[in-house]
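This is final.cif. It holds mmCIF, C-alpha atoms and all ligand atoms.
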```cif
data_work
#
loop_
_atom_site.label_atom_id
_atom_site.label_comp_id
_atom_site.auth_asym_id
_atom_site.auth_seq_id
_atom_site.Cartn_x
_atom_site.Cartn_y
_atom_site.Cartn_z
CA ASP A 1 166.49 156.83 12.73
CA TRP A 2 166.08 158.62 16.05
CA ILE A 3 162.62 159.23 17.47
CA LEU A 4 161.91 161.77 20.18
CA THR A 5 159.79 160.11 22.87
CA GLY A 6 159.03 162.16 25.95
CA LYS A 7 162.39 163.77 26.73
CA GLU A 8 164.51 161.00 25.24
CA PHE A 9 165.73 159.90 21.86
CA VAL A 10 165.43 156.22 20.99
CA ASP A 11 166.13 154.24 17.86
CA LYS A 12 163.03 153.68 15.74
CA ASN A 13 163.28 149.90 16.19
CA ASP A 14 163.39 150.18 19.97
CA LEU A 15 160.29 152.31 20.36
CA SER A 16 157.15 150.64 21.62
CA TYR A 17 154.02 151.81 23.37
CA PRO A 18 151.71 149.90 25.74
CA PHE A 19 148.58 148.40 24.31
CA GLU A 20 146.55 150.63 26.62
CA GLU A 21 147.69 153.87 25.05
CA ARG A 22 144.92 156.44 24.83
CA GLY A 23 145.94 157.56 21.38
CA LEU A 24 145.39 154.01 20.16
CA GLN A 25 142.25 153.21 22.12
CA PHE A 26 140.40 156.53 21.98
CA GLY A 27 142.25 158.72 19.49
CA ASP A 28 142.67 160.78 22.67
CA GLY A 29 145.34 163.16 21.49
CA VAL A 30 146.49 165.80 19.05
CA TYR A 31 149.23 166.09 16.46
CA GLU A 32 151.16 168.34 14.10
CA VAL A 33 152.93 167.89 10.78
CA ILE A 34 155.71 170.41 10.21
CA ARG A 35 157.39 170.96 6.85
CA ILE A 36 161.16 170.87 6.62
CA TYR A 37 163.02 172.41 3.67
CA GLU A 38 166.69 171.60 3.30
CA GLY A 39 166.96 170.61 6.93
CA GLU A 40 165.11 173.66 8.36
CA TYR A 41 161.65 173.79 9.90
CA TYR A 42 159.17 176.04 8.12
CA LEU A 43 156.47 177.80 10.23
CA ILE A 44 157.59 176.03 13.40
CA ASP A 45 156.22 178.80 15.68
CA GLU A 46 152.77 178.58 14.12
CA HIS A 47 152.73 174.79 14.53
CA VAL A 48 154.01 174.81 18.11
CA GLU A 49 151.43 177.43 19.10
CA ARG A 50 148.66 175.38 17.49
CA LEU A 51 149.86 172.23 19.28
CA TYR A 52 149.53 173.96 22.66
CA ARG A 53 146.11 175.35 21.67
CA SER A 54 144.86 171.92 20.53
CA ALA A 55 146.18 170.28 23.71
CA ALA A 56 144.57 172.93 25.93
CA ALA A 57 141.25 172.53 24.11
CA ILE A 58 141.10 168.86 25.15
CA LYS A 59 142.75 169.43 28.55
CA ILE A 60 146.06 167.70 27.93
CA ASP A 61 149.08 169.19 29.70
CA VAL A 62 152.02 169.32 27.33
CA PRO A 63 154.88 167.82 29.37
CA PHE A 64 157.30 170.49 28.07
CA GLN A 65 157.77 174.21 28.35
CA LYS A 66 157.77 175.69 24.85
CA GLN A 67 161.48 176.50 24.90
CA GLU A 68 162.28 172.95 25.93
CA LEU A 69 160.10 171.55 23.15
CA TYR A 70 161.86 173.75 20.57
CA ALA A 71 165.24 172.52 21.79
CA HIS A 72 164.13 168.89 21.47
CA LEU A 73 162.65 169.41 18.01
CA HIS A 74 165.88 171.00 16.77
CA GLU A 75 167.88 168.20 18.36
CA LEU A 76 165.68 165.71 16.48
CA LEU A 77 166.90 167.19 13.18
CA ASN A 78 170.52 167.26 14.35
CA LYS A 79 170.53 163.71 15.59
CA ASN A 80 169.07 162.49 12.32
CA SER A 81 171.39 164.73 10.23
CA VAL A 82 168.41 166.02 8.28
CA ARG A 83 169.56 168.16 5.33
CA ASN A 84 166.86 167.43 2.79
CA ASP A 85 163.15 168.12 2.35
CA ALA A 86 161.14 166.24 4.94
CA THR A 87 158.19 166.35 7.29
CA MET A 88 158.17 166.02 11.05
CA TYR A 89 155.21 164.25 12.65
CA LEU A 90 154.54 164.99 16.30
CA GLN A 91 151.89 163.25 18.37
CA LEU A 92 150.74 164.03 21.89
CA THR A 93 148.28 161.77 23.70
CA ARG A 94 146.71 161.71 27.15
CA GLY A 95 149.09 158.86 28.04
CA SER A 96 149.01 155.17 28.84
CA ALA A 97 146.63 153.88 31.51
CA PRO A 98 144.07 151.11 32.11
CA ARG A 99 141.22 151.67 29.67
CA ASP A 100 138.50 153.98 30.97
CA HIS A 101 136.80 156.78 29.03
CA ALA A 102 137.32 159.33 31.81
CA PHE A 103 140.78 160.89 32.15
CA PRO A 104 143.31 158.77 34.06
CA LEU A 105 144.81 160.23 37.26
CA ASN A 106 148.53 160.91 37.62
CA THR A 107 149.29 159.96 34.05
CA GLU A 108 151.73 161.96 31.98
CA ALA A 109 151.00 162.74 28.35
CA ASN A 110 152.91 160.71 25.76
CA LEU A 111 154.74 162.68 23.12
CA TYR A 112 156.66 161.38 20.20
CA ALA A 113 158.09 162.97 17.10
CA TYR A 114 159.90 161.64 14.07
CA VAL A 115 161.15 162.85 10.72
CA LYS A 116 160.38 161.39 7.33
CA ASP A 117 161.81 162.28 3.90
CA PHE A 118 159.24 164.12 1.85
CA ALA A 119 159.79 165.47 -1.65
CA ARG A 120 157.82 168.39 -3.09
CA ASP A 121 155.16 167.33 -5.59
CA THR A 122 156.45 169.76 -8.22
CA ASP A 123 154.55 168.23 -11.16
CA SER A 124 151.25 168.64 -9.42
CA LEU A 125 152.15 172.16 -8.21
CA GLU A 126 152.99 173.09 -11.79
CA GLU A 127 150.09 171.37 -13.57
CA GLY A 128 147.29 171.55 -11.00
CA ALA A 129 145.23 168.66 -9.71
CA SER A 130 141.61 167.60 -9.42
CA ALA A 131 139.35 167.34 -6.40
CA ILE A 132 136.07 165.67 -5.62
CA THR A 133 133.44 166.88 -3.14
CA MET A 134 131.87 165.08 -0.20
CA GLU A 135 129.63 165.91 2.70
CA ASP A 136 131.51 167.05 5.81
CA ILE A 137 130.45 164.46 8.38
CA ARG A 138 133.04 165.45 11.00
CA TRP A 139 132.37 166.69 14.54
CA GLU A 140 131.95 170.37 15.38
CA TRP A 141 135.41 171.01 16.82
CA CYS A 142 137.53 170.74 13.70
CA TYR A 143 139.76 173.60 14.93
CA ILE A 144 141.42 171.04 17.20
CA LYS A 145 144.06 169.01 15.35
CA SER A 146 142.74 165.79 16.84
CA LEU A 147 143.96 162.25 16.16
CA ASN A 148 140.40 161.25 15.28
CA LEU A 149 140.84 161.22 11.52
CA LEU A 150 138.47 158.49 10.36
CA PRO A 151 136.17 160.80 8.33
CA ASN A 152 139.28 162.42 6.79
CA VAL A 153 140.81 159.02 6.01
CA LEU A 154 137.62 157.81 4.31
CA ALA A 155 137.28 161.04 2.34
CA LYS A 156 140.90 160.95 1.12
CA GLN A 157 140.57 157.30 0.13
CA ASN A 158 137.44 158.12 -1.86
CA ALA A 159 139.31 160.92 -3.64
CA LYS A 160 142.19 158.57 -4.40
CA GLU A 161 139.90 155.91 -5.82
CA LEU A 162 138.40 158.53 -8.12
CA GLY A 163 141.84 159.70 -9.24
CA ALA A 164 141.62 163.04 -7.38
CA LYS A 165 144.16 164.68 -5.08
CA GLU A 166 141.76 165.98 -2.47
CA ALA A 167 138.22 165.62 -1.16
CA ILE A 168 136.60 169.02 -0.63
CA LEU A 169 134.13 168.87 2.26
CA HIS A 170 130.83 170.73 2.46
CA LYS A 171 128.29 171.23 5.21
CA ASP A 172 124.77 172.53 4.47
CA GLY A 173 125.93 173.42 0.95
CA MET A 174 128.89 175.52 2.16
CA VAL A 175 132.48 174.48 1.53
CA THR A 176 134.35 174.04 4.83
CA GLU A 177 137.82 172.71 3.95
CA GLY A 178 139.61 169.72 2.44
CA SER A 179 140.19 166.34 4.11
CA SER A 180 143.71 167.54 4.97
CA SER A 181 143.87 171.09 3.60
CA ASN A 182 142.21 174.50 3.48
CA ILE A 183 140.28 175.41 0.32
CA TYR A 184 140.09 178.76 -1.49
CA LEU A 185 138.12 180.10 -4.41
CA VAL A 186 139.24 183.05 -6.55
CA ARG A 187 136.70 185.24 -8.27
CA GLU A 188 137.30 188.62 -9.89
CA GLY A 189 140.69 188.84 -8.25
CA LYS A 190 139.43 188.18 -4.73
CA VAL A 191 140.30 185.15 -2.59
CA TYR A 192 137.44 183.55 -0.64
CA THR A 193 137.82 180.96 2.10
CA HIS A 194 135.79 179.65 5.04
CA PRO A 195 136.29 181.80 8.15
CA ALA A 196 138.55 180.30 10.83
CA THR A 197 135.68 179.11 13.02
CA LYS A 198 135.49 175.86 14.99
CA ARG A 199 134.31 174.14 11.79
CA ILE A 200 137.74 174.13 10.18
CA LEU A 201 141.37 173.71 11.13
CA GLY A 202 143.09 177.09 11.07
CA GLY A 203 145.97 176.12 8.80
CA CYS A 204 149.46 177.47 9.36
CA VAL A 205 149.76 177.96 5.60
CA ARG A 206 146.31 179.61 5.62
CA MET A 207 147.69 182.25 8.01
CA LYS A 208 150.50 182.89 5.53
CA ILE A 209 148.05 183.12 2.61
CA GLU A 210 146.23 185.90 4.43
CA GLU A 211 149.56 187.69 4.89
CA PHE A 212 150.65 187.15 1.25
CA CYS A 213 147.29 188.49 0.02
CA LYS A 214 147.67 191.64 2.15
CA GLU A 215 151.17 192.21 0.80
CA ALA A 216 149.98 191.78 -2.79
CA ASP A 217 146.78 193.85 -2.37
CA ILE A 218 144.63 190.82 -3.08
CA PRO A 219 141.39 190.97 -1.06
CA PHE A 220 141.30 188.01 1.37
CA ILE A 221 137.67 187.41 2.19
CA GLU A 222 136.79 185.05 5.03
CA GLU A 223 133.34 184.14 3.80
CA ALA A 224 132.19 180.60 3.19
CA PHE A 225 131.23 179.94 -0.41
CA ARG A 226 128.70 177.51 -1.78
CA MET A 227 129.23 174.34 -3.78
CA GLU A 228 127.54 176.00 -6.80
CA ASP A 229 130.18 178.75 -6.74
CA PHE A 230 132.73 176.38 -8.29
CA GLU A 231 130.86 176.85 -11.60
CA GLY A 232 131.73 180.54 -11.79
CA ALA A 233 135.14 180.34 -10.14
CA ASP A 234 138.21 181.75 -11.90
CA GLU A 235 140.59 179.70 -9.77
CA VAL A 236 140.51 177.19 -6.92
CA PHE A 237 143.44 176.12 -4.78
CA MET A 238 144.19 174.31 -1.55
CA THR A 239 146.93 174.75 1.05
CA SER A 240 148.62 172.62 3.69
CA SER A 241 152.07 172.05 5.07
CA THR A 242 152.53 169.03 2.82
CA SER A 243 150.74 170.23 -0.33
CA GLU A 244 151.89 173.91 -0.12
CA VAL A 245 149.79 176.09 -2.48
CA GLN A 246 148.25 173.50 -4.76
CA PRO A 247 146.16 174.63 -7.77
CA LEU A 248 142.91 172.70 -8.28
CA THR A 249 141.85 172.78 -11.91
CA LYS A 250 138.88 170.45 -11.73
CA VAL A 251 136.25 169.97 -9.00
CA ASP A 252 134.01 166.95 -9.62
CA GLU A 253 133.04 167.43 -13.28
CA VAL A 254 133.57 171.20 -13.29
CA THR A 255 136.64 172.56 -15.06
CA ILE A 256 137.91 175.55 -13.10
CA GLY A 257 138.64 178.68 -15.15
CA LYS A 258 140.66 177.67 -18.18
CA GLY A 259 141.62 174.34 -16.68
CA ARG A 260 145.10 175.65 -15.86
CA PRO A 261 146.50 177.19 -12.66
CA GLY A 262 145.52 180.88 -12.66
CA PRO A 263 147.47 184.09 -11.99
CA VAL A 264 146.38 184.63 -8.36
CA THR A 265 147.34 181.07 -7.45
CA ARG A 266 150.69 181.52 -9.20
CA LYS A 267 151.34 184.74 -7.30
CA LEU A 268 150.61 183.02 -3.98
CA GLN A 269 152.78 180.03 -4.93
CA ALA A 270 155.63 182.44 -5.63
CA ALA A 271 155.07 184.23 -2.30
CA TYR A 272 155.11 180.88 -0.51
CA GLU A 273 158.34 179.80 -2.18
CA LYS A 274 160.00 183.08 -1.34
CA ASP A 275 158.86 182.89 2.28
CA ALA A 276 159.98 179.26 2.63
CA GLY A 277 163.27 180.02 0.91
CA ILE A 278 162.77 177.46 -1.83
CA THR A 279 163.01 177.71 -5.57
CA GLY A 280 160.31 176.34 -7.58
CA THR A 281 157.44 176.16 -9.85
CA ALA A 282 155.76 179.56 -9.83
N1 LIG B 1 142.66 171.32 7.38
C1 LIG B 1 142.86 170.04 7.74
C2 LIG B 1 141.68 169.19 8.06
C3 LIG B 1 144.17 169.52 7.79
O1 LIG B 1 144.38 168.25 8.17
C4 LIG B 1 145.26 170.35 7.43
C5 LIG B 1 146.66 169.80 7.42
N2 LIG B 1 147.23 169.82 8.68
C6 LIG B 1 145.01 171.68 7.07
C7 LIG B 1 143.69 172.13 7.06
C8 LIG B 1 146.13 172.62 6.71
O2 LIG B 1 146.87 172.96 7.85
P1 LIG B 1 148.39 173.42 7.73
O3 LIG B 1 148.42 174.55 6.75
O4 LIG B 1 148.71 173.87 9.11
O5 LIG B 1 149.19 172.25 7.29
#
```
Spell out the structure here as structure tokens.
Ligand code: PMP
Amino acid sequence: DWILTGKEFVDKNDLSYPFEERGLQFGDGVYEVIRIYEGEYYLIDEHVERLYRSAAAIKIDVPFQKQELYAHLHELLNKNSVRNDATMYLQLTRGSAPRDHAFPLNTEANLYAYVKDFARDTDSLEEGASAITMEDIRWEWCYIKSLNLLPNVLAKQNAKELGAKEAILHKDGMVTEGSSSNIYLVREGKVYTHPATKRILGGCVRMKIEEFCKEADIPFIEEAFRMEDFEGADEVFMTSSTSEVQPLTKVDEVTIGKGRPGPVTRKLQAAYEKDAGITGTA
């Protein structure tokens, strides 16, 4: 397995980072997870743009021009002969330097990227899944795809222990997003989701959902909804690069709609599959 590190490719077993790496010591960095279908990146432009936005927001200089980064990311797939469904993880940190909270001087950012096999969860996409809810205890700059994921890790673990696929987060009674996804509620044929403020990560799949809704004449309403709204919801679903358009048929003890994925969710799943060039469940 070849890993991209800086501008070089090294074998997975030969890659090491200094103990004083700011990603390790401070979570001082940002990342992306890009979906790969049959050896091709999906939504790579959206992810690359977000990476540069996240880096700029925390004042990290990406050590690549965009065109150069694209070339390296494509080379990563070639070198690893990726032909199947996979994900690419890319991490960018403020670099390696003697530990000090303030930014180090003359230190280049560390970048690495690797590819991992990742199969679509077709059963869950077909059947739907359940979610639990938890208070959103994260910081106020969730639009940055930061390496600081401890609240997200704890929320996802809690969901897992309760047999749920996702933890839906809420702040002051309003649903923000999932621990690693965006959350949507469907009512009377309209799709509601939290506006893309600093409180949530503007998902790359979320951008596509807005587009798919426009194309299908489904109102896409960027208005936060309340926890109580799950009771009267017709459908609930989540999106992310790894979970795609995932129906949620139960939230805590509330059965959503008829307890089966609904028609709006199915339509958006089909639009996603068409856009990604995959055949599937919807
Ligand atoms: N919100 C959070 C907190 C996430 O971690 C993710 C997954 N990256 C998303 C939303 C969905 O983003 P995307 O559609 O770009 O995968």
- Task: Please indicate the distance in Å from atom CA of Ile58 of chain A to atom CA of Thr107 of chain A, rounded to one decimal place.
- Result: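 Between atom CA of Ile58 of chain A and atom CA of Thr107 of chain A the gap works out to 15.0 Å.
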If you count only C-alpha atoms, the residue of A:Glu21, A:Asp229, A:Asp11, A:Glu253 closest to Asp100 of chain A turns out to be A:Glu21
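We find atom C7 of ligand LIG 1 (chain B) and atom CA of Gly203 of chain A to be spaced 4.9 Å apart.
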Show me which residues line ligand LIG 1 (chain B), defined as having an atom within 7 Å of a ligand atom where only C-alpha atoms and all ligand atoms count, and present them as a PyMOL selection string. chain A and resi 32-33+47+177-182+200-206+239-242
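Of the residues under consideration (A:Ala233, A:Leu125, A:Val48, A:Val175), A:Leu125 shows the shortest atom-to-atom contact distance to Pro261 of chain A when counting all atoms listed in the file.
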**Prompt:** Quick one: distance from atom CA of Ile256 of chain A to atom CA of Ala164 of chain A in Å, one decimal?
**Reply:**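 Distance reported for this atom pair: 14.2 Å.
The closest residue to His194 of chain A, picked from A:Cys213, A:Val115, A:Gly173, A:Phe225 and counting only C-alpha atoms, is A:Phe225.
Comparing A:Arg226, A:Lys208, A:Lys59, A:Lys171 by their smallest distance to Leu185 of chain A, the closest is A:Arg226 (using all atoms listed in the file).
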Worksheet item: In terms of the shortest atom-to-atom distance over only C-alpha atoms, which of A:Asn84, A:Ser146, A:Asn13, A:Gln67 is closest to Arg53 of chain A?
Response: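 When distances to Arg53 of chain A are compared using only C-alpha atoms, the smallest one comes from A:Ser146.
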| query | Leaving out Asp252 of chain A and any residue of its chain fewer than 6 positions from it, which residues lie within 9 Å of it when counting only C-alpha atoms, given as a PyMOL selection string? | reply | chain A and resi 130-133+164
Edge lengths and centre in Å, axis-aligned, segment 215-233 of chain A plus 4 Å each side, as lines of an AutoDock Vina configuration file:
```
center_x = 139.4
center_y = 184.1
center_z = -3.4
size_x = 31.6
size_y = 27.5
size_z = 24.8
```
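Between Asn148 of chain A and the residues A:Thr93, A:Gly39, A:Glu228, A:Thr255, the shortest atom-to-atom distance, using all atoms listed in the file, involves A:Thr93.
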Closest pair table for segment 71-148 of chain A residues within 12 Å of segment 266-272 of chain A, all atoms listed in the file, as a Markdown table:
```
| residue | atom | partner | partner_atom | distance |
| --- | --- | --- | --- | --- |
| A:Thr122 | CA | A:Gln269 | CA | 11.4 |
| A:Leu125 | CA | A:Gln269 | CA | 8.5 |
| A:Glu126 | CA | A:Arg266 | CA | 9.1 |
| A:Glu127 | CA | A:Arg266 | CA | 11.1 |
| A:Gly128 | CA | A:Arg266 | CA | 10.7 |
```
- Near-Gln91 of chain A list (9 Å; all atoms listed in the file; drop same-chain fewer than 3 positions) as a ChimeraX atom specification: /A:23,29-33,110-113,147
Close residues, Asp14 of chain A itself excluded, 10 Å, only C-alpha atoms, min 3 positions apart in chain, as a list in words: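 The neighbour list is Trp2, Ile3, Val10 and Asp11 of chain A.
Excluding Trp139 of chain A itself and any same-chain residue fewer than 4 positions from it, the protein and nucleic acid residues within 10 Å of it, counting all atoms listed in the file, are Asn148, Pro151, Lys198 and Arg199 of chain A.
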Mind filling out segment 207-218 of chain A with N, CA, C and O atoms and sending it as an mmCIF file, keeping the file's coordinate frame?
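Contents of selection22.cif, freshly written:
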```cif
data_model
loop_
_atom_site.group_PDB
_atom_site.id
_atom_site.type_symbol
_atom_site.label_atom_id
_atom_site.label_comp_id
_atom_site.auth_asym_id
_atom_site.auth_seq_id
_atom_site.Cartn_x
_atom_site.Cartn_y
_atom_site.Cartn_z
ATOM 1 N N MET A 207 147.279 180.976 7.397
ATOM 2 C CA MET A 207 147.690 182.250 8.010
ATOM 3 C C MET A 207 148.648 183.009 7.094
ATOM 4 O O MET A 207 148.578 184.237 6.975
ATOM 5 N N LYS A 208 149.548 182.258 6.456
ATOM 6 C CA LYS A 208 150.500 182.890 5.530
ATOM 7 C C LYS A 208 149.780 183.409 4.287
ATOM 8 O O LYS A 208 150.120 184.472 3.776
ATOM 9 N N ILE A 209 148.793 182.688 3.803
ATOM 10 C CA ILE A 209 148.050 183.120 2.610
ATOM 11 C C ILE A 209 147.396 184.476 2.875
ATOM 12 O O ILE A 209 147.434 185.365 2.037
ATOM 13 N N GLU A 210 146.841 184.615 4.074
ATOM 14 C CA GLU A 210 146.230 185.900 4.430
ATOM 15 C C GLU A 210 147.280 187.015 4.357
ATOM 16 O O GLU A 210 147.032 188.098 3.802
ATOM 17 N N GLU A 211 148.456 186.723 4.894
ATOM 18 C CA GLU A 211 149.560 187.690 4.890
ATOM 19 C C GLU A 211 150.016 188.001 3.447
ATOM 20 O O GLU A 211 150.177 189.170 3.077
ATOM 21 N N PHE A 212 150.198 186.949 2.645
ATOM 22 C CA PHE A 212 150.650 187.150 1.250
ATOM 23 C C PHE A 212 149.627 187.980 0.470
ATOM 24 O O PHE A 212 149.994 188.809 -0.362
ATOM 25 N N CYS A 213 148.341 187.737 0.720
ATOM 26 C CA CYS A 213 147.290 188.490 0.020
ATOM 27 C C CYS A 213 147.380 189.969 0.403
ATOM 28 O O CYS A 213 147.298 190.837 -0.467
ATOM 29 N N LYS A 214 147.552 190.230 1.702
ATOM 30 C CA LYS A 214 147.670 191.640 2.150
ATOM 31 C C LYS A 214 148.823 192.320 1.440
ATOM 32 O O LYS A 214 148.673 193.423 0.927
ATOM 33 N N GLU A 215 149.975 191.628 1.415
ATOM 34 C CA GLU A 215 151.170 192.210 0.800
ATOM 35 C C GLU A 215 150.978 192.484 -0.688
ATOM 36 O O GLU A 215 151.557 193.408 -1.236
ATOM 37 N N ALA A 216 150.154 191.644 -1.343
ATOM 38 C CA ALA A 216 149.980 191.780 -2.790
ATOM 39 C C ALA A 216 148.693 192.539 -3.152
ATOM 40 O O ALA A 216 148.298 192.569 -4.320
ATOM 41 N N ASP A 217 148.037 193.123 -2.129
ATOM 42 C CA ASP A 217 146.780 193.850 -2.370
ATOM 43 C C ASP A 217 145.707 192.982 -3.002
ATOM 44 O O ASP A 217 144.921 193.460 -3.830
ATOM 45 N N ILE A 218 145.693 191.710 -2.610
ATOM 46 C CA ILE A 218 144.630 190.820 -3.080
ATOM 47 C C ILE A 218 143.621 190.717 -1.931
ATOM 48 O O ILE A 218 144.002 190.345 -0.817
#
```
